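Participant: You'll find input-v2.cif just under this line, and it carries mmCIF, C-alpha atoms.
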```cif
data_entry
loop_
_atom_site.label_atom_id
_atom_site.label_comp_id
_atom_site.auth_asym_id
_atom_site.auth_seq_id
_atom_site.Cartn_x
_atom_site.Cartn_y
_atom_site.Cartn_z
CA MET A 1 15.29 -104.49 -73.00
CA GLN A 2 18.55 -102.61 -73.53
CA LYS A 3 18.24 -102.42 -77.33
CA LEU A 4 14.62 -101.34 -77.11
CA ASN A 5 15.41 -98.68 -74.53
CA THR A 6 18.22 -97.43 -76.79
CA GLU A 7 15.76 -97.01 -79.68
CA LEU A 8 13.21 -95.24 -77.48
CA LYS A 9 15.90 -92.86 -76.31
CA ARG A 10 17.11 -92.27 -79.89
CA LEU A 11 13.64 -91.33 -81.02
CA TYR A 12 11.76 -89.75 -78.14
CA LEU A 13 13.67 -89.01 -74.97
CA ALA A 14 15.42 -85.72 -74.28
CA GLU A 15 18.43 -85.44 -72.02
CA PRO A 16 17.58 -84.77 -68.35
CA GLU A 17 18.83 -81.20 -68.51
CA ALA A 18 16.65 -80.52 -71.56
CA GLU A 19 13.60 -81.96 -69.80
CA ALA A 20 14.36 -79.81 -66.76
CA ALA A 21 14.40 -76.79 -69.07
CA GLY A 22 10.91 -77.64 -70.36
CA LEU A 23 11.99 -79.14 -73.69
CA THR A 24 10.70 -82.28 -75.42
CA ARG A 25 11.64 -84.48 -78.36
CA ALA A 26 8.29 -86.28 -78.73
CA ILE A 27 4.89 -85.14 -79.91
CA SER A 28 2.12 -87.67 -79.33
CA LEU A 29 -1.42 -87.55 -80.69
CA ALA A 30 -4.20 -89.76 -79.29
CA PHE A 31 -7.17 -90.80 -81.43
CA ARG A 32 -10.32 -91.92 -79.61
CA ARG A 33 -13.74 -92.81 -80.93
CA LEU A 34 -16.44 -90.16 -80.88
CA PRO A 35 -19.94 -91.07 -79.67
CA ASP A 36 -21.40 -91.32 -83.18
CA ASP A 37 -18.38 -93.04 -84.72
CA ALA A 38 -18.31 -96.35 -86.51
CA GLU A 39 -15.98 -98.82 -84.85
CA ASP A 40 -13.00 -97.66 -86.90
CA GLY A 41 -13.77 -93.93 -87.08
CA HIS A 42 -10.77 -93.03 -84.94
CA TRP A 43 -8.51 -95.19 -87.11
CA GLU A 44 -9.68 -93.41 -90.25
CA ARG A 45 -8.88 -90.04 -88.67
CA LEU A 46 -5.42 -91.28 -87.71
CA CYS A 47 -4.87 -92.27 -91.34
CA VAL A 48 -5.80 -88.76 -92.49
CA VAL A 49 -3.29 -87.14 -90.14
CA ALA A 50 -0.56 -89.74 -90.78
CA ASN A 51 -0.89 -89.28 -94.52
CA ALA A 52 -0.84 -85.47 -94.22
CA LEU A 53 2.34 -85.57 -92.12
CA GLN A 54 4.13 -87.42 -94.91
CA THR A 55 2.60 -85.82 -98.00
CA ALA A 56 1.48 -82.26 -97.27
CA LEU A 57 4.17 -81.62 -94.64
CA ALA A 58 6.91 -83.91 -96.05
CA LEU A 59 7.90 -85.29 -92.64
CA PRO A 60 9.23 -88.75 -91.82
CA ALA A 61 6.61 -91.35 -90.95
CA PRO A 62 5.53 -91.35 -87.30
CA ALA A 63 5.19 -94.46 -85.17
CA VAL A 64 1.70 -95.86 -84.67
CA SER A 65 0.56 -97.29 -81.35
CA ILE A 66 -2.37 -98.73 -79.46
CA SER A 67 -2.84 -97.34 -75.96
CA GLY A 68 -4.24 -100.25 -73.98
CA ASP A 69 -7.23 -98.08 -73.04
CA GLY A 70 -9.19 -97.61 -76.26
CA ALA A 71 -7.08 -95.25 -78.36
CA TYR A 72 -4.66 -95.21 -81.24
CA GLY A 73 -1.61 -92.98 -81.17
CA LEU A 74 0.85 -91.27 -83.48
CA TRP A 75 4.35 -90.54 -82.19
CA LEU A 76 6.49 -87.87 -83.84
CA SER A 77 10.22 -87.91 -83.12
CA LEU A 78 12.19 -84.66 -83.11
CA ALA A 79 15.93 -84.77 -83.73
CA GLN A 80 16.41 -81.74 -81.48
CA PRO A 81 14.30 -80.87 -78.41
CA VAL A 82 11.86 -77.97 -78.67
CA PRO A 83 9.99 -75.99 -75.99
CA LEU A 84 6.79 -77.62 -74.79
CA ALA A 85 4.82 -74.58 -75.92
CA GLN A 86 6.06 -75.09 -79.48
CA ALA A 87 5.24 -78.79 -79.38
CA ARG A 88 1.73 -77.95 -78.15
CA GLU A 89 1.34 -75.37 -80.91
CA PHE A 90 2.37 -77.87 -83.57
CA ALA A 91 -0.01 -80.54 -82.27
CA GLY A 92 -2.86 -78.05 -81.96
CA LEU A 93 -2.35 -76.81 -85.51
CA LEU A 94 -2.36 -80.40 -86.77
CA TRP A 95 -5.70 -81.02 -85.06
CA ASP A 96 -7.14 -77.79 -86.45
CA ALA A 97 -6.01 -78.57 -89.98
CA TYR A 98 -6.80 -82.26 -90.29
CA CYS A 99 -8.89 -83.48 -87.37
CA PRO A 100 -10.82 -80.64 -85.66
CA ALA A 101 -13.65 -82.89 -84.44
CA LEU A 102 -11.22 -84.81 -82.24
CA LYS A 103 -9.10 -81.93 -80.92
CA PRO A 104 -8.45 -82.47 -77.19
CA ALA A 105 -8.57 -79.69 -74.63
CA ALA A 106 -4.80 -79.89 -74.19
CA VAL A 107 -2.12 -81.37 -76.43
CA GLY A 108 1.50 -82.16 -75.73
CA ALA A 109 0.93 -81.51 -72.04
CA ALA A 110 4.13 -83.16 -70.83
CA PRO A 111 7.42 -84.40 -72.28
CA ALA A 112 7.67 -88.10 -73.05
CA SER A 113 9.33 -90.28 -70.44
CA ALA A 114 10.28 -93.93 -70.27
CA SER A 115 7.13 -94.56 -68.20
CA THR A 116 4.72 -92.99 -70.75
CA LEU A 117 6.09 -94.55 -73.93
CA PRO A 118 4.88 -97.90 -75.28
CA PRO A 119 5.27 -100.71 -74.61
CA ARG A 120 3.72 -100.41 -71.17
CA LEU A 121 0.90 -101.96 -69.16
CA ASP A 122 -2.21 -99.82 -68.67
CA PRO A 123 -3.19 -100.35 -65.01
CA ALA A 124 -6.87 -99.54 -65.53
CA SER A 125 -7.56 -101.91 -68.43
CA GLY A 126 -4.89 -104.51 -67.69
CA LYS A 127 -3.87 -104.40 -71.37
CA TRP A 128 -0.60 -103.45 -72.98
CA ALA A 129 0.10 -100.34 -74.99
CA ALA A 130 2.38 -101.16 -77.90
CA PHE A 131 3.76 -99.88 -81.17
CA ILE A 132 2.07 -101.63 -84.09
CA ASN A 133 2.64 -102.26 -87.76
CA PRO A 134 0.62 -99.49 -89.49
CA GLY A 135 -0.67 -101.91 -92.08
CA MET A 136 -2.42 -103.87 -89.33
CA GLY A 137 -3.95 -100.90 -87.53
CA ALA A 138 -7.53 -101.38 -88.67
CA SER A 139 -7.65 -104.87 -87.16
CA PHE A 140 -7.32 -103.37 -83.66
CA ALA A 141 -10.43 -101.17 -83.93
CA GLY A 142 -12.56 -101.77 -80.86
CA ASP A 143 -9.76 -103.56 -79.01
CA GLU A 144 -6.82 -101.14 -78.88
CA GLY A 145 -4.62 -103.10 -76.52
CA LEU A 146 -2.73 -106.37 -76.16
CA GLU A 147 -3.53 -109.07 -73.63
CA ILE A 148 0.13 -109.95 -73.21
CA GLN A 149 3.37 -107.99 -73.27
CA PRO A 150 4.51 -107.47 -76.89
CA PRO A 151 7.77 -109.20 -77.85
CA GLU A 152 10.74 -106.88 -77.59
CA ALA A 153 12.06 -107.98 -80.98
CA GLY A 154 8.85 -106.91 -82.70
CA GLN A 155 8.81 -103.51 -81.01
CA LEU A 156 12.47 -103.00 -81.87
CA THR A 157 11.88 -103.83 -85.54
CA LEU A 158 9.10 -101.24 -85.78
CA LEU A 159 11.23 -98.50 -84.22
CA GLU A 160 14.52 -99.15 -86.00
CA ARG A 161 13.09 -98.08 -89.37
CA LEU A 162 11.89 -94.69 -88.12
CA GLU A 163 13.65 -91.37 -88.72
CA CYS A 164 13.71 -88.26 -86.57
CA ILE A 165 12.30 -84.96 -87.81
CA ALA A 166 15.23 -82.63 -88.54
CA PRO A 167 15.05 -79.08 -87.09
CA GLU A 168 14.64 -77.52 -90.53
CA GLN A 169 11.85 -79.98 -91.41
CA PHE A 170 10.01 -79.16 -88.19
CA ALA A 171 10.41 -75.41 -88.66
CA ARG A 172 9.12 -75.60 -92.23
CA ALA A 173 6.13 -77.74 -91.27
CA LEU A 174 5.26 -75.47 -88.37
CA ASP A 175 5.37 -72.40 -90.61
CA GLN A 176 3.22 -74.20 -93.18
CA LEU A 177 0.60 -75.11 -90.55
CA ARG A 178 0.35 -71.58 -89.21
CA PRO A 179 -2.49 -69.67 -90.91
CA ALA A 180 -0.24 -67.31 -92.91
CA GLY A 181 2.01 -70.15 -94.04
CA ALA A 182 -0.91 -72.38 -95.01
CA ALA A 183 -2.46 -69.56 -97.06
CA ALA A 184 0.83 -68.86 -98.83
CA SER A 185 1.32 -72.56 -99.61
CA GLN A 186 -2.19 -72.78 -101.06
CA ALA A 187 -1.69 -69.68 -103.14
CA ALA A 188 1.55 -71.06 -104.54
CA GLY A 189 -0.21 -74.32 -105.36
CA ALA A 190 2.74 -76.39 -104.20
CA ALA A 191 3.38 -78.73 -101.30
CA PRO A 192 6.63 -80.45 -100.30
CA GLN A 193 6.93 -83.96 -101.68
CA PRO A 194 7.67 -86.89 -99.35
CA SER A 195 10.99 -88.63 -99.65
CA ALA A 196 11.36 -92.10 -101.14
CA ALA A 197 12.42 -93.43 -97.75
CA GLN A 198 8.85 -92.95 -96.56
CA ASP A 199 7.26 -95.14 -99.27
CA GLY A 200 5.21 -97.97 -97.82
CA LEU A 201 5.88 -97.01 -94.22
CA LEU A 202 2.45 -95.58 -93.59
CA LEU A 203 -0.89 -95.52 -95.33
CA ARG A 204 -0.70 -92.55 -97.67
CA ASP A 205 -3.96 -92.37 -99.63
CA ALA A 206 -5.02 -95.98 -99.05
CA THR A 207 -8.53 -96.74 -97.86
CA LEU A 208 -9.20 -99.44 -95.29
CA GLU A 209 -10.40 -101.68 -98.13
CA ASP A 210 -7.14 -101.05 -100.00
CA ILE A 211 -5.15 -102.06 -96.92
CA VAL A 212 -7.10 -105.29 -96.41
CA ASN A 213 -6.76 -106.21 -100.09
CA PHE A 214 -3.03 -105.50 -99.99
CA LEU A 215 -2.57 -107.69 -96.91
CA HIS A 216 -4.62 -110.50 -98.45
CA SER A 217 -2.45 -110.31 -101.57
CA LYS A 218 0.49 -111.16 -99.34
CA ASN A 219 -1.41 -113.95 -97.57
CA ILE A 220 -1.66 -111.89 -94.38
CA GLU A 221 -4.89 -112.05 -92.42
CA PRO A 222 -5.58 -108.57 -90.94
CA THR A 223 -7.15 -109.92 -87.76
CA PHE A 224 -3.75 -110.75 -86.29
CA ARG A 225 -3.09 -108.81 -83.12
CA PHE A 226 0.68 -108.45 -83.47
CA LEU A 227 3.43 -109.07 -85.98
CA LYS A 228 6.86 -110.19 -84.82
#
```
The structure in this file should be written as structure tokens.

Facilitator:
Amino acid sequence: MQKLNTELKRLYLAEPEAEAAGLTRAISLAFRRLPDDAEDGHWERLCVVANALQTALALPAPAVSISGDGAYGLWLSLAQPVPLAQAREFAGLLWDAYCPALKPAAVGAAPASASTLPPRLDPASGKWAAFINPGMGASFAGDEGLEIQPPEAGQLTLLERLECIAPEQFARALDQLRPAGAAASQAAGAAPQPSAAQDGLLLRDATLEDIVNFLHSKNIEPTFRFLK
């Protein structure tokens, strides 16, 4: 577990003194089904937000997770800790801009800790939360948890490729999401372009049908529950 813990710390955990000062390095967004949703409605909304993070906001790809209790998650990694209030503001603006129907009453309520990050066992459902390959996300709709603990090597592989959001990237994205910044960006008719390092890491503009066809072209059956 040492290598996995090292990656989790690199991406999401602030130093103890920063946590004590009310700072966080992780912003997590949970996507749950609404009462009138199709089985994969929450997955489609996650795709919208994940794509916007990389295209409209030009941020590194977030990690994707299943919660063990019926939800998908996006995990944003900040290179430098920010105040919880700023993390909440960023998450709230994301919901307002791209997913208002699913906006929770509170976002970013607490800093990430080793006990809240995947992989972990959900005591209520008895299933495991885990990071997943984004290309396989749709296959988990309706069963967002693993029956057994995910292999450490697989979790490590998914995290090693991720980049942290640099302070200047976060500041620019936050300004862009704020009403004045969003209006100015629209008026200018320009949006930051994602870097080449992000290509293929998340879904971009792909539909669920596109994803399934792509996986089939590589002889991958998208009903698998985990990729090592």

Participant: Please produce, as CSV, a per-residue contact table for stretch 25-90 of chain A versus stretch 137-146 of chain A (criterion: any atom at most 12 Å away, all atoms listed in the file considered), showing the nearest atom pair and its distance in Å to one decimal, sorted by chain then residue number.

Facilitator:
```
residue,atom,partner,partner_atom,distance
A:Ala30,CA,A:Glu144,CA,11.7
A:Phe31,CA,A:Glu144,CA,10.7
A:Arg32,CA,A:Glu144,CA,9.9
A:Arg33,CA,A:Gly142,CA,9.0
A:Asp37,CA,A:Gly142,CA,11.2
A:Ala38,CA,A:Ala141,CA,9.6
A:Glu39,CA,A:Gly142,CA,6.0
A:Asp40,CA,A:Ala141,CA,5.3
A:Gly41,CA,A:Ala141,CA,8.6
A:His42,CA,A:Ala141,CA,8.2
A:Trp43,CA,A:Ala138,CA,6.5
A:Glu44,CA,A:Ala138,CA,8.4
A:Arg45,CA,A:Ala138,CA,11.4
A:Leu46,CA,A:Gly137,CA,9.7
A:Cys47,CA,A:Gly137,CA,9.5
A:Ala63,CA,A:Gly137,CA,11.4
A:Val64,CA,A:Gly137,CA,8.1
A:Ser65,CA,A:Gly137,CA,8.5
A:Ile66,CA,A:Glu144,CA,5.1
A:Ser67,CA,A:Gly145,CA,6.1
A:Gly68,CA,A:Gly145,CA,3.8
A:Asp69,CA,A:Glu144,CA,6.6
A:Gly70,CA,A:Glu144,CA,5.0
A:Ala71,CA,A:Glu144,CA,5.9
A:Tyr72,CA,A:Glu144,CA,6.7
A:Gly73,CA,A:Glu144,CA,9.9
A:Leu74,CA,A:Gly137,CA,11.5
```

Participant: Go through A:Pro134, A:Pro62, A:Gly154, A:Pro83 and flag the residue nearest A:Lys3, using only C-alpha atoms for the distances.

Facilitator: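 The answer is A:Gly154, which sits nearest to A:Lys3.
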
Participant: Counting all atoms listed in the file, what is within 8 Å of stretch 159-173 of chain A, bar same-chain residues fewer than 4 positions away, as number ranges by chain?

Facilitator: A: 7-8, 11, 57-63, 76-80, 155, 177

Participant: Include C-alpha atoms and write out the residues we just selected as a PDB file, keeping the file's coordinate frame.

Facilitator:
```
ATOM      1  CA  GLU A   7      15.760 -97.010 -79.680  1.00  0.00           C
ATOM      2  CA  LEU A   8      13.210 -95.240 -77.480  1.00  0.00           C
ATOM      3  CA  LEU A  11      13.640 -91.330 -81.020  1.00  0.00           C
ATOM      4  CA  LEU A  57       4.170 -81.620 -94.640  1.00  0.00           C
ATOM      5  CA  ALA A  58       6.910 -83.910 -96.050  1.00  0.00           C
ATOM      6  CA  LEU A  59       7.900 -85.290 -92.640  1.00  0.00           C
ATOM      7  CA  PRO A  60       9.230 -88.750 -91.820  1.00  0.00           C
ATOM      8  CA  ALA A  61       6.610 -91.350 -90.950  1.00  0.00           C
ATOM      9  CA  PRO A  62       5.530 -91.350 -87.300  1.00  0.00           C
ATOM     10  CA  ALA A  63       5.190 -94.460 -85.170  1.00  0.00           C
ATOM     11  CA  LEU A  76       6.490 -87.870 -83.840  1.00  0.00           C
ATOM     12  CA  SER A  77      10.220 -87.910 -83.120  1.00  0.00           C
ATOM     13  CA  LEU A  78      12.190 -84.660 -83.110  1.00  0.00           C
ATOM     14  CA  ALA A  79      15.930 -84.770 -83.730  1.00  0.00           C
ATOM     15  CA  GLN A  80      16.410 -81.740 -81.480  1.00  0.00           C
ATOM     16  CA  GLN A 155       8.810-103.510 -81.010  1.00  0.00           C
ATOM     17  CA  LEU A 177       0.600 -75.110 -90.550  1.00  0.00           C
TER      18      LEU A 177
END
```

Participant: Could you state the separation of atom CA of A:Leu84 and atom CA of A:Pro123 in Å, given to one decimal place?

Facilitator: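 Here the two named atoms are 26.7 Å from each other.
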
Participant: Please write as a short mmCIF file (atom, residue, chain, number, x, y, z; two decimals) with C-alpha atoms, keeping the file's coordinate frame the full residue list that the PyMOL selection byres ((chain A and resi 128) around 8) yields on this file.

Facilitator:
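expr.cif, written as the output of this step:
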```
data_model
loop_
_atom_site.label_atom_id
_atom_site.label_comp_id
_atom_site.auth_asym_id
_atom_site.auth_seq_id
_atom_site.Cartn_x
_atom_site.Cartn_y
_atom_site.Cartn_z
CA SER A 67 -2.84 -97.34 -75.96
CA GLY A 68 -4.24 -100.25 -73.98
CA PRO A 119 5.27 -100.71 -74.61
CA ARG A 120 3.72 -100.41 -71.17
CA LEU A 121 0.90 -101.96 -69.16
CA ASP A 122 -2.21 -99.82 -68.67
CA GLY A 126 -4.89 -104.51 -67.69
CA LYS A 127 -3.87 -104.40 -71.37
CA ALA A 129 0.10 -100.34 -74.99
CA ALA A 130 2.38 -101.16 -77.90
CA GLY A 145 -4.62 -103.10 -76.52
CA LEU A 146 -2.73 -106.37 -76.16
CA GLU A 147 -3.53 -109.07 -73.63
CA ILE A 148 0.13 -109.95 -73.21
CA GLN A 149 3.37 -107.99 -73.27
CA PRO A 150 4.51 -107.47 -76.89
#
```

Participant: Closest to A:Phe131 among A:Ala153, A:Leu158, A:Ala114, A:Ala91, using only C-alpha atoms?

Facilitator: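 Smallest distance to A:Phe131 is found for A:Leu158.
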
Participant: If we count only C-alpha atoms, what is near A:Gln86 at a cut-off of 10 Å, once residues fewer than 4 positions away on the same chain are taken out, given as a PyMOL selection string?

Facilitator: chain A and resi 23-24+82+90-92+108+174

Participant: In Å, how far is it from atom CA of A:Arg88 to atom CA of A:Ala52?

Facilitator: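 Answer for the atom CA of A:Arg88 to atom CA of A:Ala52 separation: 17.9 Å.
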
Participant: Tell me which of A:Ala87, A:Pro81, A:Ile27, A:Cys99 sits closest to A:Val49, counting all atoms listed in the file.

Facilitator: A:Cys99

Participant: Using Å and a single decimal, report how far atom CA of A:Leu13 sits from atom CA of A:Pro100.

Facilitator: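 We find that atom CA of A:Pro100 and atom CA of A:Leu13 lie 28.0 Å from each other.
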